[in-house]
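Input: a single structure, listed below in structure tokens.
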Amino acid sequence: MQTALEAARTKEVEARLVQEKKTARLQRFLLVGVGIGLLISSSLAIGSFILYRQTQKSEAQAKSSEIRAIVSSSVGLFASNRRLDALVEAIKAKDKLQKLGIANTNLAPLVEDALKQAVYGADEYNHLSGHAASVMAVNVSPDSSLIASASIDKTIKLWRRDGTAVATLKGHQGAVRSVAFSPDGRILASASEDGTIKLWQSDAKDASWRISRTFKGHTASVWGVVFSPDGQTIASAAWDKTVRVWKLDGTLLKTFQDYKTGFWGVTFSPDSQTIAATSLDGTVKLWRRDTSGWQNAKPLQPLQGHTAWVVGVAFSPDSQTIASASEDKTVKLWQRDSTDGNYRLDKTLKGHSAGVSGVAFSPDGQTIASASLDKTIKLWNIDGTELRTLRGHSASIWGVTFSPDGSFIASAGAENLVRLWQSENQFQKSMIAHSAGIWSIAIASDSSTIATASHENTVKFWSRQGKLLKTLTEEGLVSQVSFSEDNKLIALPSDDDTVKLRRRDGTLIASYKNPYSKITAALLSPDGQAIAIADVIKNVQIWHRDRPAPQILKGHLAEVWQVAFSPDGQLVASASGDGTVKLWTLEGKLLKTLVGHSAAVWIVAFSPDGKMVASGSGDNTIKLWTHDGKLLKTFKGHTGAIWGVAFSPDGKILASGSVDGTVKLWKLDGTELTTLKGHTAAIRKIATSRDGTFLVSGGDDNTLIFWNLQRILNLDVLTYGCSIIKDYLKTNIALEKSDRSICNI
């Protein structure tokens, strides 16, 4: 029995062992399966992660490519003078870059440069679309809150200044050629090719406008209508060869007849005493009322001088100047003679390449805007200086006006649009300063006066606001101008190899003739007692006013192109075609030669404390040196030779002007702060004011630009850009919905 039990137990153990072997085998299979599963899962997870990362990378690359394309679009739009669109695109690129959420060291600078360019150069800030045909005239209400536009489509449209459409006025049977607000802003007058004038009254209850009266009397198209400044009368001009004066109730007070030709436009003088009407015979006709009113008004001497139709006319706010615009491509300014009250030709403004269709004075009377069939608006100083050109219309411009508060300019375009422009650029003020390239700029130590010398025989003095103060005419070409520290003396080198020392009023004090060779530059010392002269035979001459002969500084191996005095007047730096800068004492001792440029050095400047020297070269770089010859930094970024360098008054910023047409501002460690684009040709010279508020640049485009350094250096570019286009994003009906939120950052 024991044996049997042991045998049974053995069988049981054997059976259990067999079962355990089966279980172990199954477990091994399961473990292998799980391992394979884990391996597959891990592989799938790794693959998925890789695919996810690749997808992320591809998505980021796609978004980066999209941003790069938007930046290119902005730059292209800016170059083609569609600056409002360029600004919108630049802000869109900035918005997308910020939403991308990753640092992109290559893309970020491109976006920032495009945005800065668009902001610094912004002029148009909105355009009003809705007319079905060309807009022929535009007017702004006295409180600057409403804009009225007249169109070939027989309608008048009213807009708020932010671009919100208010009303469309229908009633004329022909094209509407002119529109004007009454002095109180409650009545709108319109003139039409249907031969009528209509008055539209504002209803205070529902803000609607309704026809209150229709004036009939003209027998042909009426192209001009205007309220008198006192609001008592209306004048109209028509192709029936008459100008008519009306009471507001429609009573005809006076008809002025021209038996030769019709009239295009009409306006009152601000004192309500004179009417000026533009004639198709190339003249402006004038009538002055007498004490009894317009019934006995007398004609003044017509304004004769244009060689084609005169289509625009405007009085200055003081009634002393008349501006007339003509198909002969000019604007003429006429001054009132105090003796007989007639107006006589004072200046002719030339610059447009096609007929001038409209003209307007700014509220302060200091600026004139002219609109042209060449698709541009030009702004002129009252002294005749051309300031800047507004480009953006894609077709002829038929009318232009300033808002009464002076904050914006409105223009009427043949592309069915009214465009709104900033009346002033907050970052730059430009002007066509000379009829040739600007070769030298000097700023008086009190920052009140800027002197410019051009590749012509004049030196001009400007206020810091850009107003021409005085012009000195020399016998020969003037290549440079410099002030003494007390601002009482100026030095003027000319192409006859003579340097003239004059007082500010032009009085000649002394003349220094270089008997040796051609003068390339000459600079007055801060104390006014010495003049440093550079020449083409590799020398620098120091003329002391109390000595009969100059001190000759020899050592350069090529032409010396520029010289500079240290602030204390004890050192002279010379820049040469041999690629070096040399530092000298006034007695001619060579202290140091700065070697490092790989091409000619064109310009050199001392820092305000005299401890550093900056040099600009044909190798497209600026180098910063200590006064004892140690190279501190090389500034790279320009794509052309450097012809201008200047330090800020605190010595912390270096500015450079280049043949590439740009001005760059740098920190002294080489960090580029910003690039200023405004010139269309090489920049010859730059200078910074002693008070640090502005920088002036001049170039081969004959243009002088005043840059507002305080605004530029302390600007939040994106915030300011969004402030410019906020109305456009809000009200423009042609804008895509997705673009309206680009400033909601």
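Residue names in the structure tokens use chain letters A, B, ... in the order shown, residue numbers from 1 in each chain, and ligand numbers from 1 in the order shown.
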- So which residues of range 51-199 of chain A fall under alpha helix (DSSP H) by DSSP, listed as number ranges by chain? A: 51-79, 83-100, 107-120
Dump C-alpha atoms for the selected residues as a PDB file, in the first residue's frame?
ATOM      1  CA  LEU A  51       6.331  62.371 -37.067  1.00  0.00           C
ATOM      2  CA  TYR A  52       4.856  64.853 -34.570  1.00  0.00           C
ATOM      3  CA  ARG A  53       8.135  66.721 -34.346  1.00  0.00           C
ATOM      4  CA  GLN A  54       8.515  66.652 -38.097  1.00  0.00           C
ATOM      5  CA  THR A  55       4.964  67.912 -38.463  1.00  0.00           C
ATOM      6  CA  GLN A  56       5.669  70.661 -35.952  1.00  0.00           C
ATOM      7  CA  LYS A  57       8.863  71.546 -37.764  1.00  0.00           C
ATOM      8  CA  SER A  58       7.140  71.491 -41.137  1.00  0.00           C
ATOM      9  CA  GLU A  59       4.315  73.609 -39.774  1.00  0.00           C
ATOM     10  CA  ALA A  60       6.796  76.078 -38.279  1.00  0.00           C
ATOM     11  CA  GLN A  61       8.713  76.156 -41.554  1.00  0.00           C
ATOM     12  CA  ALA A  62       5.478  76.711 -43.460  1.00  0.00           C
ATOM     13  CA  LYS A  63       4.503  79.536 -41.113  1.00  0.00           C
ATOM     14  CA  SER A  64       7.999  81.004 -41.336  1.00  0.00           C
ATOM     15  CA  SER A  65       7.785  80.883 -45.122  1.00  0.00           C
ATOM     16  CA  GLU A  66       4.401  82.557 -44.943  1.00  0.00           C
ATOM     17  CA  ILE A  67       5.780  85.312 -42.707  1.00  0.00           C
ATOM     18  CA  ARG A  68       8.766  85.761 -45.001  1.00  0.00           C
ATOM     19  CA  ALA A  69       6.388  86.111 -47.962  1.00  0.00           C
ATOM     20  CA  ILE A  70       4.322  88.714 -46.093  1.00  0.00           C
ATOM     21  CA  VAL A  71       7.481  90.670 -45.278  1.00  0.00           C
ATOM     22  CA  SER A  72       8.485  90.599 -48.955  1.00  0.00           C
ATOM     23  CA  SER A  73       5.006  91.796 -49.849  1.00  0.00           C
ATOM     24  CA  SER A  74       5.297  94.684 -47.387  1.00  0.00           C
ATOM     25  CA  VAL A  75       8.671  95.740 -48.752  1.00  0.00           C
ATOM     26  CA  GLY A  76       7.377  95.538 -52.325  1.00  0.00           C
ATOM     27  CA  LEU A  77       4.230  97.511 -51.536  1.00  0.00           C
ATOM     28  CA  PHE A  78       6.298 100.202 -49.831  1.00  0.00           C
ATOM     29  CA  ALA A  79       8.607 100.454 -52.840  1.00  0.00           C
ATOM     30  CA  ARG A  83       2.418 102.530 -48.017  1.00  0.00           C
ATOM     31  CA  LEU A  84      -0.849 101.949 -46.179  1.00  0.00           C
ATOM     32  CA  ASP A  85      -0.989  98.410 -47.557  1.00  0.00           C
ATOM     33  CA  ALA A  86       2.710  97.995 -46.724  1.00  0.00           C
ATOM     34  CA  LEU A  87       2.060  98.939 -43.090  1.00  0.00           C
ATOM     35  CA  VAL A  88      -0.861  96.525 -42.832  1.00  0.00           C
ATOM     36  CA  GLU A  89       1.283  93.701 -44.232  1.00  0.00           C
ATOM     37  CA  ALA A  90       4.165  94.496 -41.877  1.00  0.00           C
ATOM     38  CA  ILE A  91       1.866  94.417 -38.839  1.00  0.00           C
ATOM     39  CA  LYS A  92       0.340  91.189 -40.118  1.00  0.00           C
ATOM     40  CA  ALA A  93       3.834  89.658 -40.298  1.00  0.00           C
ATOM     41  CA  LYS A  94       4.588  90.821 -36.746  1.00  0.00           C
ATOM     42  CA  ASP A  95       1.294  89.352 -35.528  1.00  0.00           C
ATOM     43  CA  LYS A  96       2.012  85.969 -37.103  1.00  0.00           C
ATOM     44  CA  LEU A  97       5.593  85.944 -35.799  1.00  0.00           C
ATOM     45  CA  GLN A  98       4.426  86.556 -32.241  1.00  0.00           C
ATOM     46  CA  LYS A  99       1.794  83.819 -32.547  1.00  0.00           C
ATOM     47  CA  LEU A 100       4.437  81.435 -33.857  1.00  0.00           C
ATOM     48  CA  LEU A 107      13.183  86.075 -39.379  1.00  0.00           C
ATOM     49  CA  ALA A 108      12.673  88.544 -36.528  1.00  0.00           C
ATOM     50  CA  PRO A 109      15.053  91.216 -37.884  1.00  0.00           C
ATOM     51  CA  LEU A 110      13.382  91.062 -41.312  1.00  0.00           C
ATOM     52  CA  VAL A 111       9.955  91.597 -39.758  1.00  0.00           C
ATOM     53  CA  GLU A 112      11.223  94.420 -37.556  1.00  0.00           C
ATOM     54  CA  ASP A 113      12.950  96.183 -40.466  1.00  0.00           C
ATOM     55  CA  ALA A 114       9.836  95.995 -42.636  1.00  0.00           C
ATOM     56  CA  LEU A 115       7.671  97.300 -39.783  1.00  0.00           C
ATOM     57  CA  LYS A 116      10.007 100.184 -39.008  1.00  0.00           C
ATOM     58  CA  GLN A 117      10.250 101.144 -42.658  1.00  0.00           C
ATOM     59  CA  ALA A 118       6.470 101.173 -42.982  1.00  0.00           C
ATOM     60  CA  VAL A 119       5.976 103.172 -39.756  1.00  0.00           C
ATOM     61  CA  TYR A 120       8.698 105.764 -40.410  1.00  0.00           C
TER      62      TYR A 120
END
- Excluding Ala360 in chain A and residues on its chain fewer than 5 positions from it, collect all residues at most 12 Å away from it, counting only C-alpha atoms, and give them as an MDAnalysis selection string. chainID A and resid 138:139 267 312:317 321:325 331 333 365:371 377:380 382 399:404 406 409:411
For the contact check between range 368-437 of chain A and range 716-725 of chain A, emit one row per residue of range 368-437 of chain A within 12 Å, containing the shortest atom pair and the distance in Å rounded to one decimal, counting only C-alpha atoms, chain then rising number order, as a tab-separated table.
residue	atom	partner	partner_atom	distance
A:Phe408	CA	A:Ile724	CA	12.0
A:Leu420	CA	A:Ile725	CA	11.1
A:Trp421	CA	A:Ile724	CA	10.2
A:Gln422	CA	A:Ile724	CA	9.1
A:Asn425	CA	A:Ile724	CA	11.3
A:Gln426	CA	A:Tyr720	CA	10.6
A:Phe427	CA	A:Tyr720	CA	11.4
What would the file look like if the residues just selected were written as an mmCIF file, in the first residue's frame with N, CA and C atoms?
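Saved the output as again-v2.cif:
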data_model
loop_
_atom_site.group_PDB
_atom_site.id
_atom_site.type_symbol
_atom_site.label_atom_id
_atom_site.label_comp_id
_atom_site.auth_asym_id
_atom_site.auth_seq_id
_atom_site.Cartn_x
_atom_site.Cartn_y
_atom_site.Cartn_z
ATOM 1 N N PHE A 408 -5.217 116.321 -40.805
ATOM 2 C CA PHE A 408 -5.121 115.404 -41.937
ATOM 3 C C PHE A 408 -5.394 116.127 -43.250
ATOM 4 N N LEU A 420 -7.031 109.521 -47.156
ATOM 5 C CA LEU A 420 -6.734 110.382 -46.009
ATOM 6 C C LEU A 420 -5.269 110.221 -45.647
ATOM 7 N N TRP A 421 -4.599 111.358 -45.431
ATOM 8 C CA TRP A 421 -3.165 111.380 -45.212
ATOM 9 C C TRP A 421 -2.840 112.117 -43.917
ATOM 10 N N GLN A 422 -1.774 111.694 -43.266
ATOM 11 C CA GLN A 422 -1.263 112.457 -42.134
ATOM 12 C C GLN A 422 -0.676 113.766 -42.661
ATOM 13 N N ASN A 425 4.533 113.989 -40.960
ATOM 14 C CA ASN A 425 5.172 112.752 -40.531
ATOM 15 C C ASN A 425 5.825 113.016 -39.175
ATOM 16 N N GLN A 426 5.522 112.174 -38.190
ATOM 17 C CA GLN A 426 6.013 112.388 -36.832
ATOM 18 C C GLN A 426 7.495 112.079 -36.674
ATOM 19 N N PHE A 427 8.096 111.426 -37.666
ATOM 20 C CA PHE A 427 9.477 110.980 -37.527
ATOM 21 C C PHE A 427 10.450 111.720 -38.430
#
- What's the 6 Å shell around Glu559 in chain A, counting only C-alpha atoms, without same-chain residues fewer than 2 positions away, as a PyMOL selection string? chain A and resi 536-538+576-577
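Restricting the calculation to only C-alpha atoms, the smallest distance between Leu654 in chain A and any of A:Leu715, A:Ile686, A:Leu704, A:Leu31 is found for A:Ile686.
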- Non-local contacts of Gly616 in chain A (12 Å; only C-alpha atoms; under 5 positions in same chain excluded) as a ChimeraX atom specification: /A:561-562,574-577,579-581,596-605,621-625,634-636,638,640-646,654-659,684-686
- Item | Contacts of range 302-304 of chain A within 7 Å, only C-alpha atoms, excl. fewer than 2 positions in-chain, as a list in words | Thr283, Val284, Lys285, Leu286, Leu300 and His306 of chain A
- Skipping near chain neighbours, those fewer than 2 positions away, what residues fall within 9 Å of Gly217 in chain A using only C-alpha atoms, listed as JSON, numbers by chain? {"A": [195, 196, 215, 219, 244, 252]}
Just C-alpha atoms for this one: save the residues we selected as a JSON list (two decimals), in the first residue's frame.
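Dumped everything to out_11.json:
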[["chain", "number", "residue", "atom", "x", "y", "z"],
["A", 195, "GLY", "CA", -26.65, 122.99, -64.13],
["A", 196, "THR", "CA", -27.94, 123.26, -60.56],
["A", 215, "PHE", "CA", -30.61, 127.00, -57.21],
["A", 219, "THR", "CA", -27.32, 127.41, -68.35],
["A", 244, "ARG", "CA", -22.91, 133.98, -59.69],
["A", 252, "LEU", "CA", -29.35, 135.99, -57.12]]
- Taking the DSSP assignment computed from this structure's backbone, write out as a PyMOL selection string all residues of range 143-378 of chain A that belong to strand (DSSP E). chain A and resi 146-151+155-160+165-170+176-181+187-192+196-202+209-216+222-227+233-238+242-247+252-257+263-268+274-279+283-290+293-299+303-304+310-315+321-326+330-336+343-350+356-361+367-372+376-378
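Note that CA of Ile490 in chain A and CA of Glu456 in chain A are 17.4 Å apart.
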- Message: Set the distance at 8 Å and use only C-alpha atoms: which residues neighbour Gly171 in chain A once local chain neighbours fewer than 2 positions away are removed? I'd like the list as a ChimeraX atom specification.
- Response: /A:154-155,169,173,211
- Item | Coordinates-based distance that separates CA of Ile443 in chain A from CA of Glu475 in chain A (Å, one decimal) | 23.4 Å
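Reported to one decimal place, the separation of CA of Ala573 in chain A from CA of Leu553 in chain A is 11.0 Å.
Distance check against Asp194 in chain A using only C-alpha atoms: of A:Ser269, A:Thr471, A:Thr23, A:Thr214, the minimum falls on A:Thr214.
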